$ cat protein_28.csv   # CSV, C-alpha atoms and all ligand atoms
chain,number,residue,atom,x,y,z
A,21,MET,CA,93.5,118.3,104.2
A,22,ILE,CA,95.7,115.3,104.9
A,23,ASP,CA,99.1,115.2,103.2
A,24,CYS,CA,99.4,111.9,101.5
A,25,THR,CA,102.7,112.4,99.7
A,26,VAL,CA,105.7,110.2,100.3
A,27,SER,CA,109.4,110.6,99.4
A,28,LEU,CA,110.9,107.2,98.7
A,29,ALA,CA,114.2,106.2,97.2
A,30,GLY,CA,114.4,109.7,95.5
A,31,LEU,CA,110.9,109.5,94.1
A,32,HIS,CA,108.2,111.9,95.0
A,33,LEU,CA,104.8,110.0,95.3
A,34,GLU,CA,101.5,111.8,95.5
A,35,THR,CA,100.1,108.8,97.4
A,36,PRO,CA,101.7,105.9,99.2
A,37,LEU,CA,100.1,103.3,97.0
A,38,ILE,CA,102.1,101.5,94.4
A,39,ALA,CA,100.9,99.0,91.7
A,40,ALA,CA,102.8,95.8,92.4
A,41,ALA,CA,105.2,94.2,89.9
A,42,GLY,CA,103.5,91.9,87.5
A,43,THR,CA,100.0,92.8,88.4
A,44,ALA,CA,99.6,95.9,86.2
A,45,GLY,CA,101.7,94.9,83.2
A,46,TYR,CA,103.6,98.0,81.9
A,47,GLY,CA,100.8,100.3,83.1
A,48,GLU,CA,98.8,100.9,79.9
A,49,GLU,CA,95.7,98.9,80.8
A,50,LEU,CA,95.4,100.6,84.2
A,51,LEU,CA,95.9,104.0,82.5
A,52,SER,CA,93.1,103.3,80.1
A,53,ILE,CA,90.7,102.0,82.8
A,54,THR,CA,91.3,104.2,85.8
A,55,ARG,CA,93.8,106.9,84.8
A,56,MET,CA,95.8,105.4,87.7
A,57,ARG,CA,93.8,107.4,90.2
A,58,GLY,CA,94.9,106.7,93.8
A,59,LEU,CA,98.3,105.4,92.8
A,60,GLY,CA,101.5,107.1,93.6
A,61,ALA,CA,103.7,104.9,91.4
A,62,ILE,CA,103.7,101.7,89.4
A,63,VAL,CA,106.2,98.9,89.3
A,64,THR,CA,106.5,97.3,85.9
A,65,LYS,CA,106.5,93.6,85.2
A,66,SER,CA,110.0,92.2,85.9
A,67,ILE,CA,112.3,92.6,82.9
A,68,THR,CA,114.9,89.9,82.1
A,69,LEU,CA,117.7,90.1,79.6
A,70,GLU,CA,116.0,87.7,77.1
A,71,THR,CA,112.4,87.6,76.2
A,72,ARG,CA,110.5,85.0,78.3
A,73,ALA,CA,107.4,83.2,77.2
A,74,GLY,CA,106.7,82.2,80.9
A,75,ASN,CA,105.2,79.0,82.1
A,76,PRO,CA,102.5,76.9,80.3
A,77,PRO,CA,98.8,77.5,81.0
A,78,MET,CA,97.0,77.6,83.3
A,79,ARG,CA,98.9,80.4,85.0
A,80,LEU,CA,96.4,81.6,87.5
A,81,ALA,CA,94.0,79.9,89.8
A,82,GLU,CA,91.6,81.5,92.2
A,83,LEU,CA,91.9,80.4,95.8
A,84,GLU,CA,89.5,80.8,98.8
A,85,HIS,CA,91.7,83.6,100.2
A,86,GLY,CA,93.6,84.9,97.2
A,87,MET,CA,95.2,83.6,94.1
A,88,LEU,CA,97.9,81.1,93.0
A,89,ASN,CA,100.0,82.2,90.0
A,90,ALA,CA,102.8,80.7,88.0
A,91,VAL,CA,103.3,83.3,85.3
A,92,GLY,CA,107.0,82.6,85.3
A,93,LEU,CA,108.3,86.1,84.6
A,94,ALA,CA,106.8,86.3,81.0
A,95,ASN,CA,108.1,89.6,79.6
A,96,VAL,CA,109.3,91.3,76.5
A,97,GLY,CA,113.0,91.1,77.4
A,98,LEU,CA,115.4,94.0,77.6
A,99,ASP,CA,115.5,94.8,73.9
A,100,GLY,CA,111.8,94.7,73.6
A,101,PHE,CA,111.4,96.9,76.6
A,102,ILE,CA,113.7,99.5,75.3
A,103,ALA,CA,112.3,99.5,71.8
A,104,GLU,CA,108.6,99.2,72.4
A,105,VAL,CA,107.6,99.6,76.0
A,106,ALA,CA,109.9,102.2,77.6
A,107,PRO,CA,108.6,105.2,75.6
A,108,ARG,CA,105.1,104.5,76.8
A,109,VAL,CA,106.2,103.8,80.4
A,110,ARG,CA,108.1,107.1,80.3
A,111,ASP,CA,104.8,109.0,79.5
A,112,LEU,CA,102.8,107.5,82.3
A,113,PRO,CA,101.3,110.1,84.6
A,114,ILE,CA,103.0,108.6,87.7
A,115,PRO,CA,106.6,107.5,88.3
A,116,ALA,CA,107.4,104.0,87.1
A,117,ILE,CA,109.8,101.8,89.0
A,118,CYS,CA,111.3,99.2,86.6
A,119,SER,CA,111.4,95.7,88.1
A,120,MET,CA,114.2,93.4,86.9
A,121,ALA,CA,115.0,89.7,87.3
A,122,GLY,CA,117.8,87.5,86.2
A,123,GLU,CA,119.5,84.1,86.5
A,124,SER,CA,123.1,85.4,86.9
A,125,ILE,CA,124.9,88.5,88.2
A,126,ASP,CA,125.9,89.2,84.6
A,127,GLU,CA,122.3,89.1,83.4
A,128,PHE,CA,121.1,91.4,86.2
A,129,GLU,CA,124.1,93.7,85.5
A,130,GLN,CA,123.2,94.1,81.8
A,131,VAL,CA,119.6,94.9,82.6
A,132,ALA,CA,120.6,97.4,85.3
A,133,ALA,CA,123.1,99.2,83.0
A,134,ALA,CA,120.4,99.6,80.4
A,135,MET,CA,117.9,100.9,83.0
A,136,GLN,CA,120.5,103.3,84.4
A,137,ALA,CA,121.0,104.7,80.9
A,138,MET,CA,117.3,105.6,80.5
A,139,ALA,CA,117.0,109.0,82.2
A,140,PHE,CA,113.3,108.5,83.0
A,141,VAL,CA,114.0,105.4,85.1
A,142,LYS,CA,114.5,106.9,88.5
A,143,ALA,CA,114.4,103.6,90.4
A,144,VAL,CA,114.6,99.8,89.7
A,145,GLU,CA,113.3,97.0,91.8
A,146,VAL,CA,115.6,94.0,92.0
A,147,ASN,CA,113.4,90.9,92.1
A,148,VAL,CA,115.3,88.2,93.9
A,149,SER,CA,112.1,86.5,95.3
A,150,CYS,CA,110.0,85.0,92.5
A,151,PRO,CA,108.8,81.5,93.4
A,152,ASN,CA,107.6,80.7,89.9
A,153,THR,CA,110.9,80.0,88.1
A,154,SER,CA,113.6,77.5,89.0
A,155,GLU,CA,116.1,80.3,89.7
A,156,GLY,CA,113.8,83.1,91.0
A,157,ARG,CA,114.7,83.0,94.6
A,158,SER,CA,118.2,81.7,94.5
A,159,PHE,CA,119.9,85.0,95.2
A,160,ALA,CA,117.8,85.7,98.3
A,161,GLU,CA,118.4,82.3,99.7
A,162,SER,CA,122.1,82.8,100.4
A,163,PRO,CA,123.3,86.0,102.2
A,164,SER,CA,126.6,85.8,100.3
A,165,SER,CA,125.1,85.5,96.8
A,166,LEU,CA,122.6,88.3,97.7
A,167,ARG,CA,125.5,90.5,98.8
A,168,ASP,CA,127.6,89.7,95.7
A,169,LEU,CA,124.7,90.6,93.5
A,170,LEU,CA,123.6,93.8,95.2
A,171,VAL,CA,127.2,95.2,95.7
A,172,ASP,CA,127.7,94.7,92.0
A,173,LEU,CA,124.4,96.3,91.0
A,174,ARG,CA,125.1,99.2,93.4
A,175,THR,CA,128.2,100.1,91.3
A,176,VAL,CA,126.1,99.9,88.1
A,177,LEU,CA,123.2,101.9,89.5
A,178,LYS,CA,124.9,105.2,90.0
A,179,ARG,CA,121.9,107.4,89.4
A,180,ALA,CA,118.9,105.2,89.6
A,181,ALA,CA,117.7,104.1,93.1
A,182,MET,CA,118.0,100.4,94.0
A,183,ILE,CA,114.9,98.9,95.6
A,184,VAL,CA,115.3,95.2,96.6
A,185,LYS,CA,112.3,92.9,96.7
A,186,LEU,CA,112.6,90.1,99.2
A,187,PRO,CA,110.7,86.9,99.9
A,188,LEU,CA,108.8,85.9,103.0
A,189,ASP,CA,111.3,84.4,105.5
A,190,PHE,CA,109.6,82.7,108.4
A,191,GLU,CA,112.8,81.9,110.4
A,192,SER,CA,115.0,85.0,109.9
A,193,PRO,CA,112.8,87.8,108.6
A,194,SER,CA,115.5,90.5,108.9
A,195,HIS,CA,118.6,88.6,107.6
A,196,ALA,CA,118.2,89.3,103.9
A,197,ALA,CA,117.0,92.9,104.6
A,198,GLU,CA,120.2,93.5,106.6
A,199,THR,CA,122.3,92.3,103.7
A,200,ALA,CA,120.3,94.5,101.3
A,201,VAL,CA,120.8,97.6,103.5
A,202,GLU,CA,124.5,96.9,104.0
A,203,ALA,CA,124.8,96.6,100.2
A,204,GLY,CA,123.3,100.0,99.7
A,205,ALA,CA,119.6,99.4,99.0
A,206,ASP,CA,117.6,102.6,98.9
A,207,ALA,CA,114.4,100.8,99.8
A,208,ILE,CA,113.1,97.3,100.5
A,209,THR,CA,110.0,95.7,99.2
A,210,LEU,CA,108.4,93.0,101.3
A,211,ILE,CA,107.0,90.5,100.3
A,212,ASN,CA,106.7,88.6,97.0
A,213,THR,CA,104.2,85.7,96.6
A,214,VAL,CA,104.6,82.7,99.0
A,215,PRO,CA,105.3,79.3,97.4
A,216,GLY,CA,102.1,77.2,97.3
A,217,MET,CA,100.2,74.5,95.5
A,218,SER,CA,96.6,73.8,94.7
A,219,ILE,CA,95.3,70.3,93.5
A,220,ASP,CA,92.2,69.8,91.4
A,221,VAL,CA,90.4,67.0,93.3
A,222,LYS,CA,88.6,65.7,90.2
A,223,THR,CA,91.6,65.5,87.8
A,224,ARG,CA,94.1,65.0,90.7
A,225,ARG,CA,96.4,67.4,88.9
A,226,SER,CA,97.8,70.8,89.8
A,227,ARG,CA,95.3,73.5,89.1
A,228,ILE,CA,98.1,75.5,87.3
A,229,GLY,CA,100.4,74.4,84.5
A,230,ARG,CA,103.3,74.1,86.9
A,231,ARG,CA,103.5,71.9,90.0
A,232,SER,CA,103.5,74.9,92.3
A,233,GLY,CA,103.3,78.6,92.2
A,234,GLY,CA,103.1,81.7,94.3
A,235,VAL,CA,100.2,82.6,96.6
A,236,SER,CA,99.1,86.2,96.8
A,237,GLY,CA,96.1,88.0,98.3
A,238,PRO,CA,94.4,88.2,101.7
A,239,GLY,CA,95.8,84.8,102.8
A,240,ILE,CA,99.4,86.1,103.0
A,241,HIS,CA,98.6,89.5,104.5
A,242,PRO,CA,99.3,88.6,108.2
A,243,LEU,CA,102.5,87.0,107.2
A,244,ALA,CA,103.6,90.2,105.4
A,245,VAL,CA,102.5,92.4,108.4
A,246,ARG,CA,104.8,90.4,110.7
A,247,MET,CA,107.7,90.4,108.2
A,248,ILE,CA,107.4,94.2,107.8
A,249,ALA,CA,107.2,94.9,111.5
A,250,ASP,CA,110.3,92.7,112.2
A,251,VAL,CA,112.3,94.2,109.4
A,252,TYR,CA,111.3,97.7,110.4
A,253,ARG,CA,112.2,97.2,114.1
A,254,ASP,CA,115.5,95.3,113.4
A,255,VAL,CA,116.9,96.9,110.2
A,256,ALA,CA,115.0,99.4,108.2
A,257,GLY,CA,113.8,101.7,111.0
A,258,PRO,CA,117.3,102.2,112.6
A,259,ALA,CA,118.9,102.5,109.1
A,260,LYS,CA,116.2,104.9,107.9
A,261,VAL,CA,115.6,102.8,104.8
A,262,PRO,CA,112.0,102.9,103.6
A,263,ILE,CA,109.9,99.7,103.3
A,264,ILE,CA,107.3,99.1,100.5
A,265,GLY,CA,104.8,96.8,102.2
A,266,LEU,CA,103.1,94.3,99.9
A,267,GLY,CA,100.9,91.3,100.3
A,268,GLY,CA,97.1,91.0,100.4
A,269,VAL,CA,96.1,94.6,100.6
A,270,MET,CA,92.4,94.6,99.6
A,271,ARG,CA,91.0,97.3,101.9
A,272,TRP,CA,92.3,100.6,103.4
A,273,GLN,CA,92.6,98.8,106.8
A,274,ASP,CA,95.2,96.4,105.3
A,275,ALA,CA,97.3,99.3,104.0
A,276,ALA,CA,96.9,101.1,107.4
A,277,GLU,CA,98.3,98.0,109.1
A,278,PHE,CA,101.4,98.0,106.9
A,279,ILE,CA,102.0,101.7,107.6
A,280,LEU,CA,101.6,101.1,111.3
A,281,ALA,CA,104.0,98.2,111.1
A,282,GLY,CA,106.6,100.4,109.4
A,283,ALA,CA,105.9,100.6,105.7
A,284,SER,CA,106.4,104.0,104.0
A,285,ALA,CA,104.5,102.9,100.9
A,286,VAL,CA,102.1,100.1,100.2
A,287,GLY,CA,101.9,97.9,97.2
A,288,VAL,CA,98.6,96.7,95.7
A,289,GLY,CA,98.7,93.6,93.5
A,290,THR,CA,95.9,91.0,93.6
A,291,ALA,CA,93.3,93.6,94.5
A,292,LEU,CA,93.8,95.2,91.0
A,293,PHE,CA,92.5,91.9,89.5
A,294,VAL,CA,89.4,92.1,91.6
A,295,ASP,CA,88.8,95.8,91.1
A,296,PRO,CA,91.3,98.1,89.2
A,297,ARG,CA,89.7,101.1,90.9
A,298,ARG,CA,90.6,99.8,94.4
A,299,PRO,CA,93.6,102.2,94.9
A,300,ARG,CA,91.3,105.2,94.9
A,301,LYS,CA,88.9,103.6,97.4
A,302,ILE,CA,91.9,102.6,99.6
A,303,MET,CA,93.2,106.2,99.5
A,304,ARG,CA,89.8,107.6,100.6
A,305,GLY,CA,89.8,105.2,103.6
A,306,LEU,CA,93.5,106.0,104.5
A,307,THR,CA,92.9,109.7,104.4
A,308,ARG,CA,89.8,109.5,106.7
A,309,TRP,CA,91.8,107.2,109.0
A,310,ALA,CA,94.8,109.6,109.3
A,311,LYS,CA,92.3,112.4,110.1
A,312,SER,CA,90.6,110.3,112.7
A,313,GLN,CA,94.0,109.6,114.3
A,314,GLY,CA,94.6,113.3,114.6
A,315,CYS,CA,97.4,113.4,112.0
A,316,GLY,CA,98.1,116.0,109.3
A,317,SER,CA,99.9,113.5,107.1
A,318,ILE,CA,100.0,109.7,106.6
A,319,ARG,CA,103.7,109.8,107.1
A,320,GLU,CA,103.2,110.6,110.8
A,321,LEU,CA,101.7,107.1,111.2
A,322,ILE,CA,104.6,105.1,109.8
A,323,GLY,CA,105.9,102.6,112.3
A,324,SER,CA,103.6,104.0,115.1
A,325,ALA,CA,102.0,100.7,116.2
A,326,ASP,CA,102.5,99.9,119.8
A,327,ILE,CA,103.8,96.4,119.2
B,1,LIG,C1,99.9,87.4,88.3
B,1,LIG,C2,101.0,87.9,89.2
B,1,LIG,C3,102.3,88.2,88.5
B,1,LIG,C4,103.3,88.7,89.3
B,1,LIG,N1,104.5,89.0,88.6
B,1,LIG,C5,105.5,89.5,89.4
B,1,LIG,C6,106.7,90.0,88.7
B,1,LIG,O1,106.9,89.9,87.5
B,1,LIG,N2,107.7,90.4,89.5
B,1,LIG,C7,107.6,90.5,90.9
B,1,LIG,O2,108.6,91.0,91.5
B,1,LIG,N3,106.5,90.1,91.5
B,1,LIG,C8,105.5,89.7,90.8
B,1,LIG,N4,104.3,89.3,91.4
B,1,LIG,C9,104.2,89.4,92.9
B,1,LIG,C10,103.5,90.7,93.3
B,1,LIG,O3,104.2,91.9,92.9
B,1,LIG,C11,103.3,90.8,94.8
B,1,LIG,O4,104.6,90.7,95.5
B,1,LIG,C12,102.4,89.7,95.3
B,1,LIG,O5,101.4,89.4,94.5
B,1,LIG,C13,101.9,90.0,96.7
B,1,LIG,O6,101.0,91.1,96.7
B,1,LIG,P1,99.4,91.0,96.6
B,1,LIG,O7,99.0,90.0,97.6
B,1,LIG,O8,98.9,92.3,96.8
B,1,LIG,O9,99.1,90.5,95.2
B,1,LIG,C14,103.2,88.8,90.7
B,1,LIG,C15,102.0,88.5,91.3
B,1,LIG,C16,100.9,88.1,90.6
B,1,LIG,C17,99.6,87.8,91.3

$ encode --input "protein_28.csv" --output "structure tokens"
Amino acid sequence: MIDCTVSLAGLHLETPLIAAAGTAGYGEELLSITRMRGLGAIVTKSITLETRAGNPPMRLAELEHGMLNAVGLANVGLDGFIAEVAPRVRDLPIPAICSMAGESIDEFEQVAAAMQAMAFVKAVEVNVSCPNTSEGRSFAESPSSLRDLLVDLRTVLKRAAMIVKLPLDFESPSHAAETAVEAGADAITLINTVPGMSIDVKTRRSRIGRRSGGVSGPGIHPLAVRMIADVYRDVAGPAKVPIIGLGGVMRWQDAAEFILAGASAVGVGTALFVDPRRPRKIMRGLTRWAKSQGCGSIRELIGSADI
């Protein structure tokens, strides 16, 4: 028997796989289709203070190696979440991490305070990396504004863990992670979608309702592996802050790569659109792999790549 459990930001996960923010709604559809088998936790859609209708259609376009989306953080808003969604999220069979986004520190703070007040919310994921809104990435783009936001949220989140979701950074992969760890992050999620564009050659227009959007799926996987490996080596490993690796995990080998690069848990997003039962298949592969590597637990393989 291989031990697949993971302790992360105060959460106990039965498996290291986590449904990625925005790709499994608030969990209900996944629950009805798959009973969430194979998943250790789910991250909800990002919640904002006000209800958001999101961007105009089309919001999704299929790409050769993944997907382009510009959903634009459509969500029920904080009041809608508390009144309608939270009771159902609380009753899910696996822990829910509540993602939140905002345009200002004040907005983030109000959402964080409300999350903190709901006892079932054990962890929040602070989304400072969405490429599909005008303000989505602004906090992650400047170390000082990221620090101001996170230091503030840390004081609000006294009980709930603070997970920080960062964007791909080609030039300085570890800088934002360093700021997040210094500000007291309990875990770091890497990466969000990567800004991209797709043009319909017949109409000569964008294939989505917005000029550009975020690329997800297999095409971004190697970019995520490198980012995770660098952040693990430079910041997260020495500080013992766990990483949730995310980006293009379609097969167990992709998840295994993230674990070898330093991820303690692995997010699955686009793969759920292809096959909602994929987490179970990935877990089967991961378990066999750990056994073939002579390990009694998947945890033993975290950060063990010779790179
Ligand atoms: C349709 C769609 C909606 C998303 N919505 C959110 C969101 O609300 N909040 C967030 O932090 N990330 C969101 N993401 C990003 C994913 O959580 C994930 O970081 C990204 O898709 C990369 O992982 P993947 O390649 O496995 O899909 C969304 C992604 C997709 C495809």

$ residues_near_point --input "protein_28.csv" --point "(94.2, 76.7, 93.6)" --cutoff "8 Å" --atoms "only C-alpha atoms" --output "list in words"
Ala81, Glu82, Leu83, Met87, Leu88, Met217, Ser218, Ile219, Asp220, Ser226, Arg227 and Ile228 of chain A

$ residues_near_ligand --input "protein_28.csv" --ligand "ligand LIG 1 (chain B)" --cutoff "7 Å" --atoms "only C-alpha atoms and all ligand atoms" --output "tab-separated table (two decimals) with C-alpha atoms, in the coordinates of the input"
chain	number	residue	atom	x	y	z
A	40	ALA	CA	102.80	95.80	92.40
A	41	ALA	CA	105.20	94.20	89.90
A	42	GLY	CA	103.50	91.90	87.50
A	43	THR	CA	100.00	92.80	88.40
A	65	LYS	CA	106.50	93.60	85.20
A	66	SER	CA	110.00	92.20	85.90
A	80	LEU	CA	96.40	81.60	87.50
A	87	MET	CA	95.20	83.60	94.10
A	89	ASN	CA	100.00	82.20	90.00
A	91	VAL	CA	103.30	83.30	85.30
A	93	LEU	CA	108.30	86.10	84.60
A	119	SER	CA	111.40	95.70	88.10
A	147	ASN	CA	113.40	90.90	92.10
A	149	SER	CA	112.10	86.50	95.30
A	150	CYS	CA	110.00	85.00	92.50
A	185	LYS	CA	112.30	92.90	96.70
A	211	ILE	CA	107.00	90.50	100.30
A	212	ASN	CA	106.70	88.60	97.00
A	213	THR	CA	104.20	85.70	96.60
A	236	SER	CA	99.10	86.20	96.80
A	237	GLY	CA	96.10	88.00	98.30
A	238	PRO	CA	94.40	88.20	101.70
A	240	ILE	CA	99.40	86.10	103.00
A	241	HIS	CA	98.60	89.50	104.50
A	266	LEU	CA	103.10	94.30	99.90
A	267	GLY	CA	100.90	91.30	100.30
A	268	GLY	CA	97.10	91.00	100.40
A	269	VAL	CA	96.10	94.60	100.60
A	287	GLY	CA	101.90	97.90	97.20
A	288	VAL	CA	98.60	96.70	95.70
A	289	GLY	CA	98.70	93.60	93.50
A	290	THR	CA	95.90	91.00	93.60
A	291	ALA	CA	93.30	93.60	94.50

$ closest_residue --input "protein_28.csv" --among "A:Ala73, A:Val96, A:Ala90, A:Ile327" --to "A:Val235" --atoms "all atoms listed in the file"
A:Ala90

$ atom_distance --input "protein_28.csv" --atom1 "atom CA of A:Met21" --atom2 "atom CA of A:Arg57"
17.7 Å

$ residues_near_point --input "protein_28.csv" --point "(101.4, 109.1, 99.3)" --cutoff "10 Å" --atoms "only C-alpha atoms" --output "PDB file with C-alpha atoms, keeping the file's coordinate frame"
ATOM      1  CA  ASP A  23      99.100 115.200 103.200  1.00  0.00           C
ATOM      2  CA  CYS A  24      99.400 111.900 101.500  1.00  0.00           C
ATOM      3  CA  THR A  25     102.700 112.400  99.700  1.00  0.00           C
ATOM      4  CA  VAL A  26     105.700 110.200 100.300  1.00  0.00           C
ATOM      5  CA  SER A  27     109.400 110.600  99.400  1.00  0.00           C
ATOM      6  CA  LEU A  28     110.900 107.200  98.700  1.00  0.00           C
ATOM      7  CA  HIS A  32     108.200 111.900  95.000  1.00  0.00           C
ATOM      8  CA  LEU A  33     104.800 110.000  95.300  1.00  0.00           C
ATOM      9  CA  GLU A  34     101.500 111.800  95.500  1.00  0.00           C
ATOM     10  CA  THR A  35     100.100 108.800  97.400  1.00  0.00           C
ATOM     11  CA  PRO A  36     101.700 105.900  99.200  1.00  0.00           C
ATOM     12  CA  LEU A  37     100.100 103.300  97.000  1.00  0.00           C
ATOM     13  CA  ILE A  38     102.100 101.500  94.400  1.00  0.00           C
ATOM     14  CA  GLY A  58      94.900 106.700  93.800  1.00  0.00           C
ATOM     15  CA  LEU A  59      98.300 105.400  92.800  1.00  0.00           C
ATOM     16  CA  GLY A  60     101.500 107.100  93.600  1.00  0.00           C
ATOM     17  CA  ALA A  61     103.700 104.900  91.400  1.00  0.00           C
ATOM     18  CA  SER A 284     106.400 104.000 104.000  1.00  0.00           C
ATOM     19  CA  ALA A 285     104.500 102.900 100.900  1.00  0.00           C
ATOM     20  CA  VAL A 286     102.100 100.100 100.200  1.00  0.00           C
ATOM     21  CA  MET A 303      93.200 106.200  99.500  1.00  0.00           C
ATOM     22  CA  LEU A 306      93.500 106.000 104.500  1.00  0.00           C
ATOM     23  CA  THR A 307      92.900 109.700 104.400  1.00  0.00           C
ATOM     24  CA  SER A 317      99.900 113.500 107.100  1.00  0.00           C
ATOM     25  CA  ILE A 318     100.000 109.700 106.600  1.00  0.00           C
ATOM     26  CA  ARG A 319     103.700 109.800 107.100  1.00  0.00           C
TER      27      ARG A 319
END

$ residues_around --input "protein_28.csv" --residues "stretch 165-181 of chain A" --least-positions-apart "4" --cutoff "8 Å" --atoms "only C-alpha atoms" --output "ChimeraX atom specification"
/A:29-30,125,128-129,132-133,135-136,141-144,159-161,196,199-200,203-206

$ atom_distance --input "protein_28.csv" --atom1 "atom CA of A:Ser194" --atom2 "atom CA of A:Met182"
18.1 Å

$ closest_residue --input "protein_28.csv" --among "A:Val294, A:Val261, A:Ala94, A:Gly100" --to "A:Thr153" --atoms "all atoms listed in the file"
A:Ala94

$ atom_distance --input "protein_28.csv" --atom1 "atom CA of A:Pro163" --atom2 "atom CA of A:Val131"
21.8 Å

$ closest_residue --input "protein_28.csv" --among "A:Pro262, A:Val251, A:Gly229, A:Pro299" --to "A:Ile62" --atoms "only C-alpha atoms"
A:Pro299

$ closest_residue --input "protein_28.csv" --among "A:Arg271, A:Glu320, A:Ala121, A:Arg231" --to "A:Pro77" --atoms "all atoms listed in the file"
A:Arg231

$ closest_residue --input "protein_28.csv" --among "A:Ala276, A:Ala134, A:Pro76, A:Pro242" --to "A:Arg304" --atoms "all atoms listed in the file"
A:Ala276

$ closest_residue --input "protein_28.csv" --among "A:Gly239, A:Gly282, A:Gly234, A:Gly97" --to "A:Gly257" --atoms "only C-alpha atoms"
A:Gly282

$ residues_around --input "protein_28.csv" --residues "A:Lys260" --least-positions-apart "6" --cutoff "10 Å" --atoms "all atoms listed in the file" --output "list in words"
Val201, Asp206, Ala207 and Tyr252 of chain A

$ decode --input "protein_28.csv" --residues "stretch 176-214 of chain A" --atoms "C-alpha atoms" --output "PDB file, in the first residue's frame"
ATOM      1  CA  VAL A 176      -7.250  39.104   8.795  1.00  0.00           C
ATOM      2  CA  LEU A 177      -6.699  35.377   8.239  1.00  0.00           C
ATOM      3  CA  LYS A 178      -5.973  34.405  11.820  1.00  0.00           C
ATOM      4  CA  ARG A 179      -7.410  30.906  11.633  1.00  0.00           C
ATOM      5  CA  ALA A 180      -7.704  30.102   7.917  1.00  0.00           C
ATOM      6  CA  ALA A 181      -4.527  29.269   5.997  1.00  0.00           C
ATOM      7  CA  MET A 182      -3.331  31.686   3.301  1.00  0.00           C
ATOM      8  CA  ILE A 183      -2.360  30.092  -0.006  1.00  0.00           C
ATOM      9  CA  VAL A 184      -1.052  32.511  -2.623  1.00  0.00           C
ATOM     10  CA  LYS A 185      -1.519  31.821  -6.339  1.00  0.00           C
ATOM     11  CA  LEU A 186       1.152  33.382  -8.509  1.00  0.00           C
ATOM     12  CA  PRO A 187       1.545  33.877 -12.255  1.00  0.00           C
ATOM     13  CA  LEU A 188       4.295  32.534 -14.499  1.00  0.00           C
ATOM     14  CA  ASP A 189       7.329  34.794 -14.291  1.00  0.00           C
ATOM     15  CA  PHE A 190       9.917  34.105 -16.973  1.00  0.00           C
ATOM     16  CA  GLU A 191      12.546  36.490 -15.696  1.00  0.00           C
ATOM     17  CA  SER A 192      12.425  36.180 -11.915  1.00  0.00           C
ATOM     18  CA  PRO A 193      10.513  33.005 -11.078  1.00  0.00           C
ATOM     19  CA  SER A 194      11.248  33.193  -7.342  1.00  0.00           C
ATOM     20  CA  HIS A 195      10.751  36.890  -6.592  1.00  0.00           C
ATOM     21  CA  ALA A 196       7.000  36.964  -5.973  1.00  0.00           C
ATOM     22  CA  ALA A 197       7.229  33.651  -4.091  1.00  0.00           C
ATOM     23  CA  GLU A 198       9.852  35.157  -1.797  1.00  0.00           C
ATOM     24  CA  THR A 199       7.540  38.074  -1.046  1.00  0.00           C
ATOM     25  CA  ALA A 200       4.647  35.687  -0.400  1.00  0.00           C
ATOM     26  CA  VAL A 201       6.692  33.548   1.993  1.00  0.00           C
ATOM     27  CA  GLU A 202       8.008  36.606   3.854  1.00  0.00           C
ATOM     28  CA  ALA A 203       4.416  37.850   4.216  1.00  0.00           C
ATOM     29  CA  GLY A 204       3.432  34.569   5.864  1.00  0.00           C
ATOM     30  CA  ALA A 205       1.973  32.426   3.059  1.00  0.00           C
ATOM     31  CA  ASP A 206       1.177  28.878   4.218  1.00  0.00           C
ATOM     32  CA  ALA A 207       1.487  27.520   0.667  1.00  0.00           C
ATOM     33  CA  ILE A 208       2.104  28.774  -2.861  1.00  0.00           C
ATOM     34  CA  THR A 209       0.189  27.778  -5.971  1.00  0.00           C
ATOM     35  CA  LEU A 210       2.093  27.916  -9.273  1.00  0.00           C
ATOM     36  CA  ILE A 211       0.927  28.755 -11.960  1.00  0.00           C
ATOM     37  CA  ASN A 212      -2.160  30.517 -13.253  1.00  0.00           C
ATOM     38  CA  THR A 213      -2.960  30.627 -16.969  1.00  0.00           C
ATOM     39  CA  VAL A 214      -0.423  32.354 -19.222  1.00  0.00           C
TER      40      VAL A 214
END
